[in-house]
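> Have a peek at protein.txt (compact mmCIF, C-alpha atoms).
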# COMPACT_ATOMS: atom_id res chain seq x y z
CA MET A 145 -30.30 10.72 -37.30
CA ARG A 146 -31.12 7.04 -37.02
CA HIS A 147 -28.63 6.50 -34.18
CA LEU A 148 -29.81 9.68 -32.44
CA THR A 149 -33.44 8.60 -32.74
CA ILE A 150 -32.65 5.18 -31.24
CA GLN A 151 -30.79 6.76 -28.31
CA VAL A 152 -33.58 9.25 -27.58
CA PHE A 153 -36.19 6.51 -27.76
CA THR A 154 -34.19 4.23 -25.43
CA ILE A 155 -33.56 6.95 -22.86
CA GLY A 156 -37.18 8.06 -23.00
CA THR A 157 -38.39 4.49 -22.48
CA VAL A 158 -36.14 3.98 -19.46
CA VAL A 159 -37.20 7.29 -17.90
CA ALA A 160 -40.88 6.49 -18.48
CA LEU A 161 -40.53 3.05 -16.86
CA LEU A 162 -38.71 4.51 -13.86
CA TRP A 163 -41.39 7.19 -13.47
CA LEU A 164 -44.14 4.55 -13.69
CA VAL A 165 -42.51 2.34 -11.07
CA ALA A 166 -41.89 5.32 -8.76
CA SER A 167 -45.52 6.42 -9.08
CA MET A 168 -46.81 2.92 -8.29
CA VAL A 169 -44.52 2.58 -5.26
CA GLN A 170 -45.49 6.01 -3.93
CA HIS A 171 -49.19 5.24 -4.37
CA ARG A 172 -48.90 1.94 -2.51
CA LEU A 173 -46.94 3.56 0.32
CA GLU A 174 -49.57 6.27 0.68
CA LEU A 175 -52.30 3.62 0.90
CA MET A 176 -50.32 1.91 3.66
CA GLY A 177 -49.85 5.17 5.54
CA ILE A 178 -46.07 5.25 5.11
CA ASN A 179 -44.51 8.68 4.65
CA THR A 180 -41.98 9.12 1.86
CA GLY A 181 -39.22 11.62 1.25
CA PHE A 182 -35.93 12.58 2.85
CA GLY A 183 -37.30 15.05 5.38
CA PHE A 184 -36.49 12.62 8.21
CA LEU A 185 -32.77 13.36 7.75
CA SER A 186 -33.18 16.59 9.72
CA ASN A 187 -34.87 14.86 12.69
CA ARG A 188 -33.04 14.03 15.91
CA ALA A 189 -31.37 10.60 15.71
CA GLY A 190 -31.30 9.82 19.43
CA TYR A 191 -28.62 7.12 19.34
CA ASP A 192 -24.85 7.17 19.76
CA ILE A 193 -22.12 5.76 17.51
CA GLY A 194 -19.10 3.96 18.89
CA GLU A 195 -16.57 5.87 16.76
CA SER A 196 -16.60 8.57 14.12
CA LEU A 197 -14.17 10.75 12.21
CA ILE A 198 -16.48 13.73 12.62
CA PRO A 199 -18.03 15.10 15.84
CA TYR A 200 -21.31 13.34 16.60
CA ASP A 201 -23.62 12.70 19.54
CA GLY A 202 -27.13 11.37 20.02
CA ASP A 203 -28.70 14.81 19.76
CA ALA A 204 -27.54 15.22 16.17
CA SER A 205 -29.76 14.56 13.15
CA TYR A 206 -30.12 11.40 11.11
CA GLY A 207 -28.24 13.11 8.31
CA ARG A 208 -25.31 13.73 10.66
CA ALA A 209 -25.42 10.11 11.79
CA LEU A 210 -25.32 8.86 8.21
CA LEU A 211 -22.44 11.22 7.46
CA ALA A 212 -20.56 9.81 10.45
CA GLY A 213 -21.18 6.27 9.22
CA PHE A 214 -20.07 7.23 5.73
CA SER A 215 -16.83 8.66 7.14
CA ASN A 216 -16.19 5.34 8.89
CA THR A 217 -16.79 3.52 5.61
CA LEU A 218 -14.26 5.76 3.85
CA LYS A 219 -11.79 5.27 6.70
CA VAL A 220 -11.77 1.47 6.50
CA ALA A 221 -12.08 1.33 2.70
CA VAL A 222 -9.21 3.69 1.89
CA SER A 223 -6.83 2.20 4.47
CA SER A 224 -7.68 -1.35 3.34
CA ILE A 225 -7.04 -0.45 -0.31
CA PHE A 226 -3.45 0.60 0.38
CA ALA A 227 -2.82 -2.39 2.65
CA ALA A 228 -4.29 -4.84 0.12
CA LEU A 229 -2.14 -3.40 -2.68
CA ALA A 230 0.98 -3.74 -0.52
CA LEU A 231 0.14 -7.32 0.49
CA GLY A 232 -0.70 -8.27 -3.09
CA LEU A 233 2.54 -6.84 -4.43
CA LEU A 234 4.54 -8.58 -1.70
CA ALA A 235 2.86 -11.96 -2.28
CA ALA A 236 3.22 -11.67 -6.05
CA GLY A 237 6.91 -10.87 -5.69
CA ALA A 238 7.36 -13.88 -3.40
CA MET A 239 5.69 -16.21 -5.92
CA LEU A 240 7.77 -14.85 -8.81
CA SER A 241 11.02 -15.00 -6.87
CA GLY A 242 13.36 -17.93 -7.04
CA HIS A 243 13.27 -18.39 -3.24
CA SER A 244 11.46 -21.66 -2.55
CA THR A 245 10.48 -20.85 1.05
CA ALA A 246 8.99 -17.47 0.15
CA ASN A 247 7.18 -19.08 -2.78
CA ARG A 248 5.60 -21.76 -0.60
CA ILE A 249 4.54 -19.29 2.08
CA ALA A 250 2.89 -17.03 -0.51
CA LYS A 251 1.07 -19.95 -2.15
CA PHE A 252 -0.16 -21.23 1.22
CA TYR A 253 -1.41 -17.74 2.13
CA ILE A 254 -3.24 -17.31 -1.17
CA LYS A 255 -4.81 -20.76 -1.32
CA THR A 256 -5.94 -20.69 2.31
CA VAL A 257 -7.46 -17.21 2.28
CA ARG A 258 -9.08 -17.41 -1.16
CA ASN A 259 -10.86 -20.66 -0.32
CA THR A 260 -12.33 -19.34 2.95
CA PRO A 261 -15.46 -17.13 3.06
CA LEU A 262 -14.71 -13.53 3.93
CA LEU A 263 -17.43 -13.40 6.60
CA LEU A 264 -15.90 -16.41 8.35
CA GLN A 265 -12.51 -14.70 8.31
CA LEU A 266 -14.02 -11.58 9.85
CA PHE A 267 -15.51 -13.66 12.67
CA PHE A 268 -12.08 -15.24 13.22
CA TRP A 269 -10.30 -11.88 13.49
CA PHE A 270 -13.08 -10.48 15.67
CA GLY A 271 -12.54 -13.34 18.10
CA ILE A 272 -8.81 -12.64 18.11
CA PHE A 273 -9.24 -8.96 18.94
CA THR A 274 -12.03 -9.30 21.49
CA ILE A 275 -11.50 -12.66 23.22
CA SER A 276 -7.84 -13.61 22.81
CA LEU A 277 -6.33 -10.23 23.67
CA PRO A 278 -5.92 -9.32 27.37
CA ALA A 279 -7.98 -6.76 29.28
CA ILE A 280 -6.74 -3.22 29.87
CA ARG A 281 -5.03 -4.02 33.17
CA ASP A 282 -3.01 -6.79 31.45
CA ARG A 283 -2.46 -4.82 28.26
CA LEU A 284 0.42 -5.48 25.87
CA THR A 285 2.94 -2.64 25.56
CA LEU A 286 4.21 -2.75 21.99
CA LEU A 287 6.15 0.54 22.13
CA PRO A 288 6.31 3.41 24.62
CA GLY A 289 2.78 4.81 24.58
CA VAL A 290 1.42 2.08 22.29
CA TYR A 291 -0.88 -0.41 24.04
CA LEU A 292 -2.86 -3.37 22.69
CA SER A 293 -5.83 -4.85 24.55
CA ASN A 294 -9.33 -6.12 23.91
CA ARG A 295 -10.41 -2.47 23.83
CA GLY A 296 -8.28 -1.79 20.76
CA LEU A 297 -4.89 -0.34 19.85
CA ASN A 298 -4.03 2.90 21.68
CA TYR A 299 -1.26 5.11 20.29
CA PRO A 300 0.07 8.68 20.63
CA THR A 301 -1.31 11.34 18.30
CA PRO A 302 0.41 14.56 17.20
CA ASP A 303 -1.15 17.96 17.71
CA LEU A 304 -1.84 20.28 14.77
CA ALA A 305 1.68 21.74 14.58
CA LEU A 306 3.44 18.38 14.69
CA GLY A 307 0.87 16.93 12.27
CA LEU A 308 1.75 19.63 9.74
CA VAL A 309 5.41 18.75 10.19
CA PHE A 310 4.61 15.09 9.48
CA LEU A 311 2.78 16.09 6.30
CA LEU A 312 5.72 18.24 5.23
CA ALA A 313 8.12 15.34 5.77
CA LEU A 314 5.87 13.02 3.78
CA ALA A 315 5.63 15.55 0.93
CA ILE A 316 9.43 15.83 0.79
CA LEU A 317 9.84 12.06 0.64
CA VAL A 318 7.20 11.68 -2.09
CA PHE A 319 8.81 14.49 -4.12
CA THR A 320 12.19 12.81 -3.76
CA LEU A 321 10.82 9.50 -5.06
CA ILE A 322 8.86 10.95 -8.00
CA TYR A 323 11.38 13.54 -9.16
CA GLY A 324 14.26 11.11 -8.64
CA ALA A 325 12.51 8.57 -10.87
CA ARG A 326 12.09 11.21 -13.59
CA LEU A 327 15.77 12.13 -13.41
CA ARG A 328 16.79 8.48 -13.65
CA SER A 329 14.56 7.99 -16.70
CA ARG A 330 16.52 10.79 -18.38
CA GLY A 331 19.82 9.10 -17.58
CA ALA A 332 20.86 11.50 -14.79
CA LYS A 333 22.69 10.38 -11.65
CA THR A 334 20.42 10.84 -8.62
CA ARG A 335 22.43 9.41 -5.75
CA LEU A 336 23.31 12.79 -4.23
CA PHE A 337 19.77 14.10 -4.82
CA SER A 338 18.27 11.04 -3.10
CA ILE A 339 20.61 11.34 -0.12
CA ILE A 340 19.75 15.01 0.38
CA GLY A 341 16.00 14.47 -0.08
CA TRP A 342 15.78 11.50 2.28
CA SER A 343 17.96 13.23 4.87
CA ILE A 344 15.73 16.31 4.89
CA GLY A 345 12.50 14.29 4.86
CA LEU A 346 13.54 12.01 7.70
CA GLY A 347 15.17 14.79 9.70
CA VAL A 348 12.27 17.26 9.73
CA VAL A 349 10.28 15.46 12.43
CA PRO A 350 13.18 14.93 14.92
CA LEU A 351 14.24 18.54 14.35
CA ALA A 352 10.73 19.77 15.15
CA ALA A 353 10.60 17.59 18.27
CA THR A 354 13.93 18.90 19.61
CA THR A 355 13.00 22.53 18.95
CA GLY A 356 9.65 22.20 20.75
CA ILE A 357 7.42 22.56 17.68
CA GLY A 358 4.31 20.59 18.60
CA HIS A 359 3.97 17.64 20.93
CA LEU A 360 2.44 14.16 21.12
CA ASN A 361 -0.78 13.45 22.99
CA MET A 362 0.13 10.33 24.94
CA PRO A 363 -2.47 7.76 26.08
CA GLU A 364 -3.12 7.83 29.83
CA ILE A 365 -3.94 4.55 31.55
CA GLY A 366 -6.94 4.66 33.83
CA ARG A 367 -8.58 2.02 35.97
CA PHE A 368 -11.20 0.99 33.44
CA ALA A 369 -10.10 2.68 30.22
CA ILE A 370 -7.20 4.32 28.42
CA LYS A 371 -7.81 7.99 27.76
CA GLY A 372 -6.04 10.38 25.42
CA GLY A 373 -4.18 9.73 22.22
CA GLY A 374 -5.76 7.77 19.39
CA VAL A 375 -7.38 4.35 19.33
CA LEU A 376 -8.17 1.76 16.68
CA SER A 377 -11.21 -0.18 17.86
CA PRO A 378 -11.35 -3.99 17.64
CA GLU A 379 -14.17 -3.67 15.11
CA PHE A 380 -12.10 -1.44 12.84
CA MET A 381 -9.01 -3.67 13.09
CA THR A 382 -11.16 -6.73 12.34
CA LEU A 383 -12.57 -5.21 9.18
CA PHE A 384 -9.28 -3.61 8.11
CA ILE A 385 -7.20 -6.78 8.46
CA GLY A 386 -9.89 -9.05 7.06
CA LEU A 387 -10.48 -6.96 3.93
CA SER A 388 -6.77 -6.32 3.36
CA ILE A 389 -5.71 -9.96 3.64
CA TYR A 390 -8.64 -11.27 1.61
CA THR A 391 -8.34 -8.77 -1.26
CA GLY A 392 -4.54 -9.01 -1.25
CA THR A 393 -4.73 -12.63 -2.42
CA TYR A 394 -6.69 -11.72 -5.55
CA ILE A 395 -4.39 -8.80 -6.32
CA ALA A 396 -1.36 -11.09 -5.93
CA GLU A 397 -2.74 -13.64 -8.39
CA THR A 398 -3.64 -10.86 -10.82
CA LEU A 399 -0.14 -9.39 -10.69
CA ARG A 400 1.51 -12.79 -11.03
CA GLY A 401 -0.62 -13.65 -14.04
CA ALA A 402 0.10 -10.28 -15.65
CA VAL A 403 3.86 -10.68 -15.28
CA MET A 404 3.69 -14.21 -16.67
CA ALA A 405 1.63 -12.90 -19.60
CA VAL A 406 4.46 -10.62 -20.75
CA ALA A 407 6.40 -12.37 -23.50
CA SER A 408 9.73 -13.80 -22.35
CA GLY A 409 11.35 -12.20 -25.36
CA GLN A 410 10.85 -8.78 -23.76
CA GLY A 411 13.21 -9.63 -20.93
CA GLU A 412 15.68 -11.23 -23.30
CA ALA A 413 15.67 -8.14 -25.50
CA ALA A 414 16.29 -5.94 -22.45
CA ALA A 415 19.20 -8.17 -21.42
CA ALA A 416 20.62 -7.92 -24.93
CA LEU A 417 20.57 -4.12 -24.59
CA GLY A 418 22.72 -4.40 -21.46
CA LEU A 419 20.04 -3.88 -18.78
CA THR A 420 20.40 -5.72 -15.51
CA ARG A 421 17.70 -8.11 -14.30
CA GLY A 422 16.26 -5.48 -11.98
CA GLN A 423 16.29 -2.78 -14.66
CA SER A 424 14.69 -5.16 -17.13
CA PHE A 425 11.86 -5.94 -14.73
CA ARG A 426 11.31 -2.32 -13.66
CA LEU A 427 11.59 -0.64 -17.06
CA VAL A 428 10.36 -3.29 -19.50
CA VAL A 429 8.30 -6.04 -17.85
CA LEU A 430 6.53 -4.14 -15.07
CA PRO A 431 5.00 -1.37 -17.26
CA GLN A 432 3.52 -3.98 -19.60
CA ALA A 433 2.30 -6.12 -16.70
CA THR A 434 0.71 -3.08 -15.05
CA ARG A 435 -1.23 -2.33 -18.23
CA ILE A 436 -2.52 -5.92 -18.27
CA ALA A 437 -3.33 -6.17 -14.55
CA LEU A 438 -4.81 -2.72 -13.93
CA PRO A 439 -8.46 -3.42 -14.92
CA SER A 440 -8.62 -6.60 -12.80
CA ILE A 441 -6.97 -4.89 -9.83
CA VAL A 442 -9.46 -2.03 -9.99
CA SER A 443 -12.29 -4.57 -10.06
CA GLU A 444 -10.95 -6.16 -6.86
CA LEU A 445 -10.68 -2.75 -5.20
CA LEU A 446 -14.30 -2.05 -6.09
CA ASN A 447 -15.23 -5.38 -4.48
CA LEU A 448 -13.28 -4.36 -1.38
CA VAL A 449 -15.33 -1.17 -1.04
CA LYS A 450 -18.57 -3.11 -1.35
CA ASN A 451 -17.37 -5.82 1.06
CA SER A 452 -16.78 -3.14 3.69
CA SER A 453 -20.55 -3.27 4.28
CA LEU A 454 -19.91 -6.59 6.08
CA GLY A 455 -18.72 -4.48 9.01
CA VAL A 456 -22.29 -4.63 10.29
CA ALA A 457 -21.64 -8.31 11.15
CA VAL A 458 -18.87 -7.39 13.63
CA GLY A 459 -20.44 -4.21 15.01
CA TYR A 460 -18.41 -1.66 13.06
CA PRO A 461 -20.49 1.55 12.74
CA ASP A 462 -20.21 2.00 8.99
CA LEU A 463 -22.84 3.51 6.71
CA VAL A 464 -24.93 0.33 6.52
CA SER A 465 -24.87 -0.28 10.27
CA VAL A 466 -25.81 3.31 11.14
CA GLY A 467 -28.39 3.38 8.36
CA ASN A 468 -30.05 0.17 9.53
CA THR A 469 -30.60 1.71 12.94
CA ALA A 470 -32.13 4.79 11.34
CA MET A 471 -34.25 2.57 9.10
CA ASN A 472 -35.64 0.65 12.07
CA GLN A 473 -36.54 3.88 13.87
CA THR A 474 -38.08 5.77 10.95
CA GLY A 475 -39.31 3.03 8.63
CA GLN A 476 -37.82 4.88 5.62
CA ALA A 477 -36.46 1.71 4.00
CA ILE A 478 -36.59 2.83 0.37
CA GLU A 479 -34.88 6.14 1.11
CA MET A 480 -32.13 4.46 3.15
CA ILE A 481 -31.42 1.89 0.44
CA ALA A 482 -31.24 4.73 -2.09
CA ILE A 483 -28.69 6.49 0.15
CA TYR A 484 -26.64 3.26 0.38
CA MET A 485 -26.64 2.89 -3.39
CA LEU A 486 -25.68 6.53 -3.97
CA ALA A 487 -22.82 6.38 -1.46
CA TYR A 488 -21.23 3.19 -2.82
CA VAL A 489 -21.74 4.24 -6.44
CA THR A 490 -20.02 7.56 -5.70
CA ILE A 491 -16.98 5.89 -4.13
CA ASN A 492 -16.65 3.35 -6.92
CA VAL A 493 -17.08 5.95 -9.67
CA ILE A 494 -14.22 7.97 -8.16
CA ILE A 495 -11.99 4.86 -8.06
CA THR A 496 -12.94 4.03 -11.65
CA LYS A 497 -12.10 7.55 -12.84
CA CYS A 498 -8.70 7.36 -11.12
CA SER A 499 -8.06 4.02 -12.80
CA GLN A 500 -8.90 5.51 -16.18
CA VAL A 501 -6.23 8.14 -15.64
CA LEU A 502 -3.69 5.39 -14.91
CA GLU A 503 -4.85 3.35 -17.89
CA ALA A 504 -4.35 6.36 -20.16
CA ARG A 505 -0.78 6.59 -18.92
CA TYR A 506 -0.02 3.01 -20.00
CA GLU A 507 -2.11 3.11 -23.18
CA TRP A 508 -0.20 2.26 -26.33
Render the structure in this file as structure tokens.

Amino acid sequence: MRHLTIQVFTIGTVVALLWLVASMVQHRLELMGINTGFGFLSNRAGYDIGESLIPYDGDASYGRALLAGFSNTLKVAVSSIFAALALGLLAAGAMLSGHSTANRIAKFYIKTVRNTPLLLQLFFWFGIFTISLPAIRDRLTLLPGVYLSNRGLNYPTPDLALGLVFLLALAILVFTLIYGARLRSRGAKTRLFSIIGWSIGLGVVPLAATTGIGHLNMPEIGRFAIKGGGVLSPEFMTLFIGLSIYTGTYIAETLRGAVMAVASGQGEAAAALGLTRGQSFRLVVLPQATRIALPSIVSELLNLVKNSSLGVAVGYPDLVSVGNTAMNQTGQAIEMIAIYMLAYVTINVIITKCSQVLEARYEW
């Protein structure tokens, strides 16, 4: 009862203070003639957004505009998370390897990027993608139908049928990797299973293309623009590359420290049991290092999501950029800041919950 009483008193005190502050703020805003509430979200926005994952135009509401900005935030945050994890794992492997050249390159990359402000790096990449790249008429052709210019990266996109085929191929490959790993952990031989799975997964897309199932929407070069297909804007590529490279350095150092923290006797014991060096690292060292590194890696991923708000500095229409425009037009500053806080808290809570599931898997 004592603990319950303390908890009820604490929660009641916090709620009372929040209610008091909210009442004071609302009273002051009413005296200043400033309207409060979220009713403005249904009003016409009247401004366009450079890119969006959902359909949007200037005649849509402020709520639709904020939803479009939020989708852009998710787009750059999720893609940067996977890229940062890949870069961090690659750099950590290079530092832990016995190859001197790879070790030096990884150390130079980490020391240089970690000691440079992220905002300065974003300005550097923005200059690369907007000033250094050629105009559309002098575009760079990376692959057939893939063009790079100061307007962004244009690439072919599949239609719905071919997109479903791509998803099917990806599902087959993921199933082959996961189920093959389970079979190997049970001591089964998976070479034939892996060959069949990879052959089917990699052969589904060419088979669909030859049989006429779906087609690619190719970019068409015009006089002043490239139409059709998909495009990654310079602002998106700036934020994506900047966040991925910057966060990858911290993930690399975290992984390296976690592997070094595993006792050397673990590897020696695995070698004494007859495991190879690769098996020892994959089955003995890596699971223990993952358990050590996971909380710090999740913390860096949360920082990445919050750092995506720096997209406003390079003109990327994320939630903060779109919301600032709405704030200037409506004057609803408190409501907009509350929406910012709710959006970023929601994303980070989801990432934290996913990390807790992984932590439970490695819990001893």
> Do you know which residues are at most 7 Å from region 278-280 of chain A counting all atoms listed in the file, after dropping those on the same chain fewer than 4 positions away, and could you put them as a list in words?
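After dropping sequence-adjacent residues, the list is Ser293, Asn294 and Ala369 of chain A.
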> Write the residues of the preceding selection, restricted to C-alpha atoms, as a compact mmCIF listing (two decimals), in the coordinates of the input.

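Output file out17.txt is given in full below:
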# COMPACT_ATOMS: atom_id res chain seq x y z
CA SER A 293 -5.83 -4.85 24.55
CA ASN A 294 -9.33 -6.12 23.91
CA ALA A 369 -10.10 2.68 30.22
> Applying 12 Å and all atoms listed in the file, which residues near region 319-331 of chain A remain after dropping the ones on its own chain fewer than 4 positions away? List them as a list in words.
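Here the qualifying residues turn out to be Leu312, Ala313, Leu314, Ala315, Arg335, Leu336, Phe337, Ser338, Ile339, Ile340, Gly341, Trp342, Ser343, Ile344, Gly345, Leu346, Gln423, Arg426 and Leu427 of chain A.
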> Tell me which of A:Thr496, A:Ser223, A:Ser241, A:Asn451 sits closest to Pro439 (chain A), counting all atoms listed in the file.
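Selected residue with least distance to Pro439 (chain A): A:Thr496.
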> Each side padded by 4 Å, which centre and which edge lengths in Å (one decimal) define the axis-aligned box around the listed atoms of region 447-457 of chain A? Give them as lines of an AutoDock Vina configuration file.

center_x = -17.8
center_y = -4.7
center_z = 3.3
size_x = 17.0
size_y = 15.1
size_z = 23.6
> Write out as a list in words which residues come within 12 Å of Leu185 (chain A) when counting all atoms listed in the file, dropping same-chain ones fewer than 6 positions away.
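Returned residues: Ala204, Ser205, Tyr206, Gly207, Arg208, Ala209, Leu210, Leu211, Gly467, Ala470, Met471, Gln473, Thr474, Gln476, Glu479, Met480 and Ile483 of chain A.
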> Excluding Ala305 (chain A) and its own-chain neighbours fewer than 4 positions away, which residues fall within 10 Å of it when counting all atoms listed in the file? Please give them as a list in words.
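What passes the distance filter is Val309, Phe310, Ala352, Ile357, Gly358 and His359 of chain A.
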> Nearest to Ala236 (chain A) among A:Leu448, A:Ile370, A:Ala396, A:Ala457, with distances taken over all atoms listed in the file: which residue is it?
A:Ala396
> Nearest to Pro300 (chain A): which of A:Ala414, A:Asn259, A:Gly373, A:Leu317 is it, counting only C-alpha atoms?
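Ranked by minimum distance to Pro300 (chain A), first place goes to A:Gly373.
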> Which distance in Å separates CA of Asn247 (chain A) and CA of Ala416 (chain A), to one decimal?
28.2 Å
> Using all atoms listed in the file, which of the listed residues (A:Val466, A:Ala246, A:Ala160, A:Ala482) sits closest to Tyr191 (chain A)?
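Of A:Val466, A:Ala246, A:Ala160, A:Ala482, the one nearest Tyr191 (chain A), counting all atoms listed in the file, is A:Val466.
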> From the options A:Val458, A:Val428, A:Val169, A:Ile249, which residue's atoms come nearest to Pro378 (chain A), counting all atoms listed in the file?
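Smallest separation from Pro378 (chain A) among the options: A:Val458.
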> Find the residue from A:Val375, A:Leu399, A:Leu229, A:Ala332 that sits nearest to Leu197 (chain A); use only C-alpha atoms when measuring.
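Looking at the shortest contact to Leu197 (chain A), the residue is A:Val375.
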> Excluding Thr434 (chain A) and any residue of its chain fewer than 3 positions from it, enumerate the residues within 10 Å of it, using only C-alpha atoms, and give them as a PyMOL selection string.
chain A and resi 398-399+402-403+429-431+437-439+441+502-503+506
> Please, could you write that set of residues out with C-alpha atoms as a PDB file, in the frame of the given file?

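Result written to selection.pdb:
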ATOM      1  CA  THR A 398      -3.640 -10.860 -10.820  1.00  0.00           C
ATOM      2  CA  LEU A 399      -0.140  -9.390 -10.690  1.00  0.00           C
ATOM      3  CA  ALA A 402       0.100 -10.280 -15.650  1.00  0.00           C
ATOM      4  CA  VAL A 403       3.860 -10.680 -15.280  1.00  0.00           C
ATOM      5  CA  VAL A 429       8.300  -6.040 -17.850  1.00  0.00           C
ATOM      6  CA  LEU A 430       6.530  -4.140 -15.070  1.00  0.00           C
ATOM      7  CA  PRO A 431       5.000  -1.370 -17.260  1.00  0.00           C
ATOM      8  CA  ALA A 437      -3.330  -6.170 -14.550  1.00  0.00           C
ATOM      9  CA  LEU A 438      -4.810  -2.720 -13.930  1.00  0.00           C
ATOM     10  CA  PRO A 439      -8.460  -3.420 -14.920  1.00  0.00           C
ATOM     11  CA  ILE A 441      -6.970  -4.890  -9.830  1.00  0.00           C
ATOM     12  CA  LEU A 502      -3.690   5.390 -14.910  1.00  0.00           C
ATOM     13  CA  GLU A 503      -4.850   3.350 -17.890  1.00  0.00           C
ATOM     14  CA  TYR A 506      -0.020   3.010 -20.000  1.00  0.00           C
TER      15      TYR A 506
END
> So the first atom is CA of Thr256 (chain A) and the second is CA of Gly386 (chain A); what is the distance between them in Å, to one decimal place?
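Going from CA of Thr256 (chain A) over to CA of Gly386 (chain A), I get 13.2 Å.
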> Could you work out how far CA of Asn472 (chain A) lies from CA of Met176 (chain A), giving the answer in Å with one decimal?
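About the pair CA of Met176 (chain A) and CA of Asn472 (chain A): they are 17.0 Å apart.
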> Can you take the partial region 499-504 of chain A, add all heavy atoms, and return it as a compact mmCIF listing (two decimals), in the frame of the given file?

# COMPACT_ATOMS: atom_id res chain seq x y z
N SER A 499 -8.64 5.10 -12.03
CA SER A 499 -8.06 4.02 -12.80
C SER A 499 -7.98 4.36 -14.28
O SER A 499 -7.03 3.97 -14.97
CB SER A 499 -8.87 2.73 -12.61
OG SER A 499 -10.14 2.84 -13.24
N GLN A 500 -8.95 5.10 -14.78
CA GLN A 500 -8.90 5.51 -16.18
C GLN A 500 -7.73 6.44 -16.46
O GLN A 500 -7.14 6.39 -17.54
CB GLN A 500 -10.23 6.18 -16.56
CG GLN A 500 -11.41 5.23 -16.61
CD GLN A 500 -12.72 5.94 -16.90
OE1 GLN A 500 -12.77 7.17 -16.96
NE2 GLN A 500 -13.79 5.17 -17.07
N VAL A 501 -7.40 7.27 -15.49
CA VAL A 501 -6.23 8.14 -15.64
C VAL A 501 -4.96 7.30 -15.72
O VAL A 501 -4.07 7.55 -16.55
CB VAL A 501 -6.15 9.14 -14.47
CG1 VAL A 501 -4.87 9.95 -14.54
CG2 VAL A 501 -7.35 10.06 -14.48
N LEU A 502 -4.86 6.26 -14.87
CA LEU A 502 -3.69 5.39 -14.91
C LEU A 502 -3.66 4.58 -16.20
O LEU A 502 -2.59 4.36 -16.77
CB LEU A 502 -3.71 4.46 -13.69
CG LEU A 502 -3.50 5.12 -12.33
CD1 LEU A 502 -3.63 4.09 -11.22
CD2 LEU A 502 -2.13 5.78 -12.27
N GLU A 503 -4.81 4.12 -16.65
CA GLU A 503 -4.85 3.35 -17.89
C GLU A 503 -4.41 4.21 -19.08
O GLU A 503 -3.72 3.72 -19.98
CB GLU A 503 -6.25 2.82 -18.13
CG GLU A 503 -6.64 1.68 -17.19
CD GLU A 503 -8.06 1.21 -17.43
OE1 GLU A 503 -8.71 1.75 -18.35
OE2 GLU A 503 -8.52 0.31 -16.71
N ALA A 504 -4.77 5.48 -19.08
CA ALA A 504 -4.35 6.36 -20.16
C ALA A 504 -2.84 6.53 -20.17
O ALA A 504 -2.22 6.73 -21.22
CB ALA A 504 -5.04 7.71 -20.02
